>>> print(open('protein_39.txt').read())   # compact mmCIF, C-alpha atoms and all ligand atoms
# COMPACT_ATOMS: atom_id res chain seq x y z
CA MET A 25 35.60 -14.20 2.65
CA ARG A 26 32.83 -15.01 5.08
CA LEU A 27 32.43 -12.40 7.80
CA ILE A 28 29.91 -11.39 10.43
CA PHE A 29 29.65 -7.74 11.50
CA LEU A 30 28.35 -7.65 15.05
CA GLY A 31 27.58 -4.60 17.14
CA PRO A 32 24.85 -2.40 18.54
CA PRO A 33 22.51 -0.49 16.26
CA GLY A 34 24.23 2.64 14.96
CA ALA A 35 27.73 1.17 15.27
CA GLY A 36 28.45 1.69 11.57
CA LYS A 37 28.19 -1.94 10.47
CA GLY A 38 26.08 -1.12 7.42
CA THR A 39 28.36 1.63 6.12
CA GLN A 40 31.49 -0.47 6.52
CA ALA A 41 29.88 -3.65 5.18
CA ARG A 42 28.74 -1.82 2.04
CA THR A 43 32.28 -0.55 1.34
CA LEU A 44 34.10 -3.81 2.00
CA ALA A 45 31.55 -5.96 0.18
CA GLY A 46 31.79 -3.65 -2.85
CA GLU A 47 35.59 -3.90 -2.86
CA GLN A 48 35.56 -7.66 -2.51
CA GLY A 49 32.75 -8.32 -4.98
CA ILE A 50 30.68 -10.21 -2.43
CA PRO A 51 27.18 -9.42 -1.14
CA GLN A 52 26.36 -7.51 2.02
CA ILE A 53 23.58 -9.55 3.58
CA ALA A 54 21.78 -7.05 5.82
CA THR A 55 18.68 -8.53 7.41
CA GLY A 56 17.42 -5.05 8.43
CA ASP A 57 17.53 -3.91 4.78
CA MET A 58 15.87 -7.13 3.61
CA LEU A 59 13.06 -6.73 6.15
CA ARG A 60 12.54 -3.04 5.29
CA GLU A 61 12.34 -3.94 1.59
CA ALA A 62 9.77 -6.65 2.33
CA ALA A 63 7.78 -4.15 4.42
CA ALA A 64 7.91 -1.52 1.64
CA ARG A 65 6.69 -4.10 -0.88
CA GLY A 66 3.85 -4.92 1.50
CA THR A 67 4.41 -8.70 1.50
CA ARG A 68 2.81 -10.70 4.30
CA LEU A 69 6.22 -11.33 5.83
CA GLY A 70 7.14 -7.66 5.47
CA LEU A 71 3.99 -6.44 7.16
CA GLU A 72 4.46 -8.88 10.03
CA ALA A 73 8.09 -7.77 10.43
CA LYS A 74 7.14 -4.08 10.37
CA SER A 75 5.16 -4.28 13.59
CA TYR A 76 8.26 -5.55 15.43
CA MET A 77 10.70 -3.21 13.72
CA ASN A 78 8.76 -0.01 14.36
CA ARG A 79 8.85 -0.56 18.10
CA GLY A 80 12.52 -1.58 18.14
CA ALA A 81 11.88 -5.26 18.93
CA LEU A 82 13.46 -8.21 17.14
CA VAL A 83 11.60 -10.01 14.38
CA PRO A 84 11.05 -13.72 15.30
CA ASP A 85 14.08 -15.94 14.71
CA ASP A 86 12.37 -18.34 12.27
CA VAL A 87 11.40 -15.47 9.94
CA VAL A 88 14.91 -14.03 9.82
CA VAL A 89 16.66 -17.41 9.62
CA GLY A 90 14.42 -18.36 6.67
CA LEU A 91 15.36 -15.17 4.82
CA VAL A 92 19.07 -15.70 5.41
CA ALA A 93 18.95 -19.38 4.42
CA GLU A 94 17.44 -18.45 1.07
CA ARG A 95 19.88 -15.58 0.55
CA LEU A 96 22.93 -17.78 1.25
CA ASP A 97 21.93 -20.04 -1.63
CA ALA A 98 21.85 -17.23 -4.20
CA PRO A 99 24.65 -17.49 -6.78
CA ASP A 100 26.36 -14.25 -5.70
CA ALA A 101 26.85 -15.52 -2.15
CA GLN A 102 28.91 -18.52 -3.21
CA LYS A 103 32.20 -16.57 -3.23
CA GLY A 104 31.61 -15.18 0.25
CA PHE A 105 29.47 -12.65 2.12
CA ILE A 106 29.31 -10.13 4.91
CA LEU A 107 26.46 -10.72 7.32
CA ASP A 108 25.37 -7.35 8.70
CA GLY A 109 22.88 -7.39 11.57
CA PHE A 110 22.58 -11.17 11.65
CA PRO A 111 22.80 -13.18 13.86
CA ARG A 112 21.26 -11.18 16.70
CA THR A 113 20.28 -13.97 19.12
CA LEU A 114 21.92 -17.20 20.25
CA ALA A 115 19.23 -19.19 18.43
CA GLN A 116 20.12 -17.37 15.20
CA ALA A 117 23.85 -18.00 15.73
CA GLU A 118 23.19 -21.71 16.22
CA ALA A 119 20.91 -21.82 13.18
CA LEU A 120 23.58 -20.09 11.09
CA GLU A 121 26.21 -22.57 12.20
CA ARG A 122 23.94 -25.41 11.05
CA LEU A 123 23.09 -23.70 7.75
CA LEU A 124 26.75 -23.22 6.93
CA LYS A 125 27.74 -26.70 8.08
CA ASP A 126 25.13 -28.21 5.74
CA ARG A 127 26.86 -26.30 2.93
CA GLU A 128 30.35 -27.34 4.18
CA LEU A 129 31.15 -23.73 5.02
CA ALA A 130 32.08 -21.79 8.14
CA VAL A 131 32.39 -18.19 9.27
CA GLU A 132 35.98 -16.97 9.10
CA ARG A 133 35.80 -13.98 11.45
CA VAL A 134 33.31 -12.08 13.56
CA ILE A 135 34.08 -8.38 13.89
CA TYR A 136 32.57 -6.57 16.84
CA PHE A 137 32.15 -2.79 16.60
CA GLU A 138 32.67 -1.09 19.98
CA VAL A 139 30.92 2.28 20.30
CA SER A 140 29.85 4.16 23.47
CA GLU A 141 26.13 4.40 24.21
CA GLN A 142 26.20 8.20 24.12
CA GLU A 143 27.70 8.13 20.63
CA LEU A 144 25.15 5.54 19.43
CA LEU A 145 22.26 7.72 20.59
CA ARG A 146 23.70 10.76 18.78
CA ARG A 147 24.28 8.81 15.59
CA LEU A 148 20.89 7.11 15.45
CA THR A 149 18.58 9.94 16.43
CA GLY A 150 20.33 12.26 13.90
CA ARG A 151 20.34 9.72 11.09
CA ARG A 152 18.33 10.33 7.91
CA MET A 153 18.04 7.93 4.99
CA CYS A 154 17.27 8.36 1.31
CA ARG A 155 13.96 6.77 0.46
CA GLN A 156 15.20 5.78 -2.99
CA CYS A 157 18.80 4.60 -2.62
CA GLU A 158 18.97 4.11 1.21
CA HIS A 159 22.13 6.25 1.39
CA PRO A 160 22.57 7.40 5.01
CA TYR A 161 23.02 11.03 6.12
CA HIS A 162 23.32 12.67 9.54
CA VAL A 163 21.82 16.04 10.41
CA GLU A 164 25.03 17.08 12.17
CA PHE A 165 27.93 14.95 10.87
CA SER A 166 27.06 14.46 7.20
CA PRO A 167 24.15 16.69 6.16
CA PRO A 168 23.03 16.67 2.52
CA LYS A 169 23.92 19.70 0.36
CA ARG A 170 20.22 20.49 -0.14
CA ALA A 171 18.02 20.05 2.94
CA GLY A 172 15.86 16.95 2.79
CA ARG A 173 17.24 15.69 -0.55
CA CYS A 174 19.77 12.98 -1.35
CA ASP A 175 23.03 14.27 -2.92
CA ARG A 176 23.34 11.10 -4.98
CA CYS A 177 19.92 10.57 -6.50
CA GLY A 178 17.76 13.51 -5.40
CA GLY A 179 15.49 11.17 -3.42
CA GLU A 180 13.59 12.35 -0.37
CA LEU A 181 15.32 11.93 3.01
CA TYR A 182 13.38 10.46 5.91
CA GLN A 183 13.91 9.37 9.49
CA ARG A 184 13.44 5.66 10.09
CA GLU A 185 10.55 5.12 12.47
CA ASP A 186 12.84 3.06 14.71
CA ASP A 187 15.38 5.91 14.91
CA SER A 188 13.09 7.91 17.25
CA GLU A 189 14.63 8.30 20.70
CA ALA A 190 12.18 5.89 22.38
CA ALA A 191 12.73 3.17 19.77
CA VAL A 192 16.51 3.68 19.84
CA ARG A 193 16.59 3.19 23.61
CA ARG A 194 14.55 0.03 23.20
CA ARG A 195 16.90 -1.25 20.45
CA LEU A 196 19.93 -0.66 22.68
CA GLU A 197 18.25 -2.60 25.51
CA VAL A 198 17.40 -5.44 23.12
CA HIS A 199 21.00 -5.48 21.96
CA ALA A 200 22.35 -5.70 25.51
CA ALA A 201 19.92 -8.47 26.48
CA GLN A 202 19.82 -10.60 23.33
CA THR A 203 22.80 -9.86 21.11
CA ALA A 204 25.63 -9.14 23.56
CA PRO A 205 25.70 -12.85 24.64
CA LEU A 206 26.92 -13.64 21.12
CA LEU A 207 30.27 -12.07 22.02
CA GLU A 208 31.02 -14.98 24.34
CA TYR A 209 29.65 -17.49 21.82
CA TYR A 210 32.10 -16.34 19.15
CA ARG A 211 34.97 -15.57 21.55
CA SER A 212 34.87 -19.15 22.83
CA ARG A 213 35.15 -20.37 19.22
CA GLY A 214 38.21 -18.16 18.64
CA LEU A 215 36.41 -16.15 15.96
CA LEU A 216 35.90 -12.76 17.61
CA THR A 217 37.90 -9.59 16.99
CA ALA A 218 36.70 -6.34 18.58
CA ILE A 219 37.52 -3.08 16.83
CA ARG A 220 36.95 0.52 17.89
CA GLY A 221 33.92 1.73 15.96
CA GLU A 222 34.65 5.43 16.61
CA GLY A 223 36.93 7.51 14.40
CA SER A 224 36.98 8.26 10.69
CA PRO A 225 35.37 5.74 8.32
CA GLN A 226 38.86 5.18 6.83
CA GLU A 227 40.40 4.36 10.24
CA ILE A 228 37.58 1.99 11.04
CA GLY A 229 37.87 0.41 7.59
CA SER A 230 41.60 -0.23 8.14
CA ALA A 231 40.93 -1.85 11.51
CA ILE A 232 38.37 -4.15 9.85
CA ARG A 233 40.79 -5.16 7.10
CA ARG A 234 43.47 -5.97 9.69
CA ALA A 235 40.95 -8.02 11.68
CA ALA A 236 39.69 -9.85 8.61
CA GLY A 237 43.22 -11.00 7.71
CA GLY A 238 45.86 -10.04 5.22
CA ASN A 239 43.84 -10.87 2.10
CA THR A 240 41.76 -7.70 2.05
CA ALA A 241 44.25 -4.98 1.13
CA ALA A 242 42.32 -2.13 -0.45
P1 LIG B 1 18.92 -2.80 11.43
O1 LIG B 1 18.70 -2.13 10.12
O2 LIG B 1 19.99 -3.87 11.36
O3 LIG B 1 19.15 -1.83 12.56
O4 LIG B 1 17.57 -3.60 11.79
C1 LIG B 1 16.35 -2.91 11.93
C2 LIG B 1 15.32 -3.81 12.61
O5 LIG B 1 15.08 -4.96 11.80
C3 LIG B 1 15.70 -4.36 13.96
O6 LIG B 1 15.47 -3.44 15.02
C4 LIG B 1 14.81 -5.59 14.05
O7 LIG B 1 13.47 -5.23 14.33
C5 LIG B 1 14.86 -6.10 12.61
N1 LIG B 1 15.99 -7.04 12.42
C6 LIG B 1 17.08 -6.87 11.62
N2 LIG B 1 17.89 -7.93 11.69
C7 LIG B 1 17.32 -8.79 12.56
C8 LIG B 1 17.67 -10.05 13.08
N3 LIG B 1 18.84 -10.66 12.72
N4 LIG B 1 16.83 -10.66 13.96
C9 LIG B 1 15.67 -10.07 14.33
N5 LIG B 1 15.28 -8.87 13.91
C10 LIG B 1 16.09 -8.23 13.02
>>> encode(input="protein_39.txt", output="structure tokens")
Amino acid sequence: MRLIFLGPPGAGKGTQARTLAGEQGIPQIATGDMLREAAARGTRLGLEAKSYMNRGALVPDDVVVGLVAERLDAPDAQKGFILDGFPRTLAQAEALERLLKDRELAVERVIYFEVSEQELLRRLTGRRMCRQCEHPYHVEFSPPKRAGRCDRCGGELYQREDDSEAAVRRRLEVHAAQTAPLLEYYRSRGLLTAIRGEGSPQEIGSAIRRAAGGNTAA
């Protein structure tokens, strides 16, 4: 199974990718997570990426494409993968097509998560993450049992710097300008399925399984 999850920030791609990838025994390749890890480790690449991420801008294509190229060659990605948050520009989509072609592979389906802007703003500005295990919470929709602490591992919860209202607005603009054109790119290749990204996680999960084809029954 080789899937791309496409959609604006806050659409729920990460949550759904984690679940489906776990069920299928394939990796979730989330460029945002990879960049945040590199930033937390303080690598040169991570520190460079951080300056873009904190203001809600995209990290340069060559940096992200390099990360993905390396990740696709890891042993666990040979059975399949879910790309979450990549590609985000036409140049990245073209680079991905070339990377896969060189490996005699292709993307099977691109799933686009449709969510209203008002809902995205509510989701992102209320989001909190665990510093240790990255499990997401929401101050209103899924608060932790103990304020500020992760239910799973007891880690400290924090707000991502790019989840501030100003950065979120910027990320939504960047999505509209740079990532939305990918819809046409994949539609014209017959690969795109749009699903409604609002509703319960179970409903959204079912819509994804239907879109991905019959071989994903949970
Ligand atoms: P995410 O966790 O997917 O919302 O990504 C957080 C941030 O990481 C984005 O706002 C970008 O700054 C950066 N980022 C993640 N994926 C990409 C990508 N494919 N291309 C460029 N920047 C990215």
>>> residues_near_ligand(input="protein_39.txt", ligand="ligand LIG 1 (chain B)", cutoff="8 Å", atoms="all atoms listed in the file", output="ChimeraX atom specification")
/A:33-34,38,54-57,59-60,73-74,76-85,88-89,108-113,116,186,195
>>> closest_residue(input="protein_39.txt", among="A:Leu96, A:Gly70, A:Arg176, A:Ala35", to="A:Leu148", atoms="only C-alpha atoms")
A:Ala35
>>> closest_residue(input="protein_39.txt", among="A:Leu181, A:Leu91, A:Ile28, A:Leu144", to="A:Tyr161", atoms="all atoms listed in the file")
A:Leu181
>>> residues_around(input="protein_39.txt", residues="stretch 128-142 of chain A", least_positions_apart="5", cutoff="7 Å", atoms="all atoms listed in the file", output="MDAnalysis selection string")
chainID A and resid 26:31 35 215:222 236
>>> atom_distance(input="protein_39.txt", atom1="atom CA of A:Arg152", atom2="atom CA of A:Ala64")
17.0 Å
>>> closest_residue(input="protein_39.txt", among="A:Leu145, A:Met25, A:Leu206, A:Met153", to="A:Leu114", atoms="all atoms listed in the file")
A:Leu206
>>> atom_distance(input="protein_39.txt", atom1="atom CA of A:Leu107", atom2="atom CA of A:Glu180")
27.5 Å
>>> closest_residue(input="protein_39.txt", among="A:Glu47, A:Gly150, A:Ala204, A:Asp187", to="A:Arg233", atoms="all atoms listed in the file")
A:Glu47
>>> decode(input="protein_39.txt", residues="stretch 220-236 of chain A", atoms="all heavy atoms", output="PDB file, in the first residue's frame")
ATOM      1  N   ARG A 220     -14.450  13.541   3.367  1.00  0.00           N
ATOM      2  CA  ARG A 220     -14.824  14.576   4.322  1.00  0.00           C
ATOM      3  C   ARG A 220     -14.007  14.349   5.587  1.00  0.00           C
ATOM      4  O   ARG A 220     -14.085  13.280   6.190  1.00  0.00           O
ATOM      5  CB  ARG A 220     -16.328  14.462   4.591  1.00  0.00           C
ATOM      6  CG  ARG A 220     -16.894  15.587   5.358  1.00  0.00           C
ATOM      7  CD  ARG A 220     -18.421  15.575   5.322  1.00  0.00           C
ATOM      8  NE  ARG A 220     -18.904  16.562   6.275  1.00  0.00           N
ATOM      9  CZ  ARG A 220     -19.151  16.303   7.545  1.00  0.00           C
ATOM     10  NH1 ARG A 220     -19.012  15.079   8.020  1.00  0.00           N
ATOM     11  NH2 ARG A 220     -19.539  17.272   8.363  1.00  0.00           N
ATOM     12  N   GLY A 221     -13.213  15.362   5.951  1.00  0.00           N
ATOM     13  CA  GLY A 221     -12.336  15.209   7.112  1.00  0.00           C
ATOM     14  C   GLY A 221     -12.972  15.676   8.401  1.00  0.00           C
ATOM     15  O   GLY A 221     -12.271  15.928   9.382  1.00  0.00           O
ATOM     16  N   GLU A 222     -14.321  15.823   8.414  1.00  0.00           N
ATOM     17  CA  GLU A 222     -15.015  16.200   9.648  1.00  0.00           C
ATOM     18  C   GLU A 222     -15.921  15.045  10.037  1.00  0.00           C
ATOM     19  O   GLU A 222     -16.478  14.377   9.181  1.00  0.00           O
ATOM     20  CB  GLU A 222     -15.829  17.480   9.429  1.00  0.00           C
ATOM     21  CG  GLU A 222     -14.931  18.656   9.119  1.00  0.00           C
ATOM     22  CD  GLU A 222     -15.669  19.987   8.982  1.00  0.00           C
ATOM     23  OE1 GLU A 222     -16.606  20.232   9.746  1.00  0.00           O
ATOM     24  OE2 GLU A 222     -15.291  20.759   8.092  1.00  0.00           O
ATOM     25  N   GLY A 223     -16.083  14.817  11.325  1.00  0.00           N
ATOM     26  CA  GLY A 223     -16.862  13.685  11.816  1.00  0.00           C
ATOM     27  C   GLY A 223     -16.025  12.940  12.824  1.00  0.00           C
ATOM     28  O   GLY A 223     -14.963  13.426  13.224  1.00  0.00           O
ATOM     29  N   SER A 224     -16.496  11.752  13.232  1.00  0.00           N
ATOM     30  CA  SER A 224     -15.723  11.017  14.236  1.00  0.00           C
ATOM     31  C   SER A 224     -14.496  10.401  13.567  1.00  0.00           C
ATOM     32  O   SER A 224     -14.511  10.129  12.368  1.00  0.00           O
ATOM     33  CB  SER A 224     -16.585   9.918  14.860  1.00  0.00           C
ATOM     34  OG  SER A 224     -16.765   8.881  13.921  1.00  0.00           O
ATOM     35  N   PRO A 225     -13.425  10.150  14.339  1.00  0.00           N
ATOM     36  CA  PRO A 225     -12.242   9.513  13.764  1.00  0.00           C
ATOM     37  C   PRO A 225     -12.590   8.179  13.091  1.00  0.00           C
ATOM     38  O   PRO A 225     -11.998   7.826  12.072  1.00  0.00           O
ATOM     39  CB  PRO A 225     -11.339   9.291  14.982  1.00  0.00           C
ATOM     40  CG  PRO A 225     -11.780  10.304  15.978  1.00  0.00           C
ATOM     41  CD  PRO A 225     -13.243  10.512  15.754  1.00  0.00           C
ATOM     42  N   GLN A 226     -13.585   7.460  13.644  1.00  0.00           N
ATOM     43  CA  GLN A 226     -13.969   6.165  13.059  1.00  0.00           C
ATOM     44  C   GLN A 226     -14.601   6.363  11.680  1.00  0.00           C
ATOM     45  O   GLN A 226     -14.303   5.640  10.738  1.00  0.00           O
ATOM     46  CB  GLN A 226     -14.983   5.426  13.964  1.00  0.00           C
ATOM     47  CG  GLN A 226     -14.385   4.921  15.276  1.00  0.00           C
ATOM     48  CD  GLN A 226     -14.120   6.041  16.290  1.00  0.00           C
ATOM     49  OE1 GLN A 226     -14.652   7.154  16.182  1.00  0.00           O
ATOM     50  NE2 GLN A 226     -13.279   5.774  17.272  1.00  0.00           N
ATOM     51  N   GLU A 227     -15.501   7.382  11.580  1.00  0.00           N
ATOM     52  CA  GLU A 227     -16.152   7.645  10.280  1.00  0.00           C
ATOM     53  C   GLU A 227     -15.114   8.031   9.232  1.00  0.00           C
ATOM     54  O   GLU A 227     -15.146   7.582   8.094  1.00  0.00           O
ATOM     55  CB  GLU A 227     -17.147   8.815  10.410  1.00  0.00           C
ATOM     56  CG  GLU A 227     -18.459   8.447  11.029  1.00  0.00           C
ATOM     57  CD  GLU A 227     -19.264   9.696  11.465  1.00  0.00           C
ATOM     58  OE1 GLU A 227     -18.721  10.832  11.450  1.00  0.00           O
ATOM     59  OE2 GLU A 227     -20.410   9.506  11.821  1.00  0.00           O
ATOM     60  N   ILE A 228     -14.182   8.876   9.655  1.00  0.00           N
ATOM     61  CA  ILE A 228     -13.161   9.337   8.712  1.00  0.00           C
ATOM     62  C   ILE A 228     -12.275   8.154   8.310  1.00  0.00           C
ATOM     63  O   ILE A 228     -11.947   7.970   7.138  1.00  0.00           O
ATOM     64  CB  ILE A 228     -12.346  10.502   9.327  1.00  0.00           C
ATOM     65  CG1 ILE A 228     -13.283  11.672   9.637  1.00  0.00           C
ATOM     66  CG2 ILE A 228     -11.228  10.941   8.396  1.00  0.00           C
ATOM     67  CD1 ILE A 228     -12.683  12.765  10.486  1.00  0.00           C
ATOM     68  N   GLY A 229     -11.940   7.322   9.286  1.00  0.00           N
ATOM     69  CA  GLY A 229     -11.138   6.126   9.017  1.00  0.00           C
ATOM     70  C   GLY A 229     -11.819   5.210   8.003  1.00  0.00           C
ATOM     71  O   GLY A 229     -11.168   4.676   7.097  1.00  0.00           O
ATOM     72  N   SER A 230     -13.144   5.043   8.131  1.00  0.00           N
ATOM     73  CA  SER A 230     -13.863   4.176   7.179  1.00  0.00           C
ATOM     74  C   SER A 230     -13.818   4.770   5.780  1.00  0.00           C
ATOM     75  O   SER A 230     -13.643   4.043   4.793  1.00  0.00           O
ATOM     76  CB  SER A 230     -15.334   4.030   7.571  1.00  0.00           C
ATOM     77  OG  SER A 230     -15.429   3.570   8.866  1.00  0.00           O
ATOM     78  N   ALA A 231     -13.984   6.091   5.699  1.00  0.00           N
ATOM     79  CA  ALA A 231     -13.957   6.740   4.379  1.00  0.00           C
ATOM     80  C   ALA A 231     -12.581   6.542   3.728  1.00  0.00           C
ATOM     81  O   ALA A 231     -12.473   6.306   2.518  1.00  0.00           O
ATOM     82  CB  ALA A 231     -14.278   8.230   4.521  1.00  0.00           C
ATOM     83  N   ILE A 232     -11.537   6.593   4.544  1.00  0.00           N
ATOM     84  CA  ILE A 232     -10.179   6.407   4.005  1.00  0.00           C
ATOM     85  C   ILE A 232     -10.003   4.980   3.499  1.00  0.00           C
ATOM     86  O   ILE A 232      -9.459   4.757   2.418  1.00  0.00           O
ATOM     87  CB  ILE A 232      -9.126   6.730   5.093  1.00  0.00           C
ATOM     88  CG1 ILE A 232      -9.164   8.214   5.403  1.00  0.00           C
ATOM     89  CG2 ILE A 232      -7.731   6.291   4.664  1.00  0.00           C
ATOM     90  CD1 ILE A 232      -8.348   8.614   6.613  1.00  0.00           C
ATOM     91  N   ARG A 233     -10.490   4.019   4.268  1.00  0.00           N
ATOM     92  CA  ARG A 233     -10.336   2.610   3.844  1.00  0.00           C
ATOM     93  C   ARG A 233     -11.089   2.360   2.548  1.00  0.00           C
ATOM     94  O   ARG A 233     -10.595   1.653   1.669  1.00  0.00           O
ATOM     95  CB  ARG A 233     -10.824   1.670   4.941  1.00  0.00           C
ATOM     96  CG  ARG A 233      -9.841   1.626   6.079  1.00  0.00           C
ATOM     97  CD  ARG A 233     -10.206   0.622   7.141  1.00  0.00           C
ATOM     98  NE  ARG A 233      -9.358   0.913   8.286  1.00  0.00           N
ATOM     99  CZ  ARG A 233      -9.662   1.790   9.228  1.00  0.00           C
ATOM    100  NH1 ARG A 233     -10.813   2.437   9.189  1.00  0.00           N
ATOM    101  NH2 ARG A 233      -8.823   2.034  10.207  1.00  0.00           N
ATOM    102  N   ARG A 234     -12.289   2.967   2.424  1.00  0.00           N
ATOM    103  CA  ARG A 234     -13.041   2.795   1.160  1.00  0.00           C
ATOM    104  C   ARG A 234     -12.242   3.405   0.014  1.00  0.00           C
ATOM    105  O   ARG A 234     -12.114   2.825  -1.058  1.00  0.00           O
ATOM    106  CB  ARG A 234     -14.409   3.474   1.257  1.00  0.00           C
ATOM    107  CG  ARG A 234     -15.455   2.648   1.987  1.00  0.00           C
ATOM    108  CD  ARG A 234     -16.862   3.173   1.719  1.00  0.00           C
ATOM    109  NE  ARG A 234     -17.039   4.569   2.144  1.00  0.00           N
ATOM    110  CZ  ARG A 234     -17.329   4.928   3.396  1.00  0.00           C
ATOM    111  NH1 ARG A 234     -17.475   4.011   4.346  1.00  0.00           N
ATOM    112  NH2 ARG A 234     -17.465   6.204   3.721  1.00  0.00           N
ATOM    113  N   ALA A 235     -11.678   4.607   0.259  1.00  0.00           N
ATOM    114  CA  ALA A 235     -10.940   5.299  -0.806  1.00  0.00           C
ATOM    115  C   ALA A 235      -9.673   4.541  -1.190  1.00  0.00           C
ATOM    116  O   ALA A 235      -9.274   4.523  -2.358  1.00  0.00           O
ATOM    117  CB  ALA A 235     -10.576   6.709  -0.343  1.00  0.00           C
ATOM    118  N   ALA A 236      -9.055   3.900  -0.198  1.00  0.00           N
ATOM    119  CA  ALA A 236      -7.774   3.231  -0.465  1.00  0.00           C
ATOM    120  C   ALA A 236      -7.980   1.906  -1.180  1.00  0.00           C
ATOM    121  O   ALA A 236      -7.011   1.302  -1.648  1.00  0.00           O
ATOM    122  CB  ALA A 236      -7.022   3.015   0.843  1.00  0.00           C
TER     123      ALA A 236
END
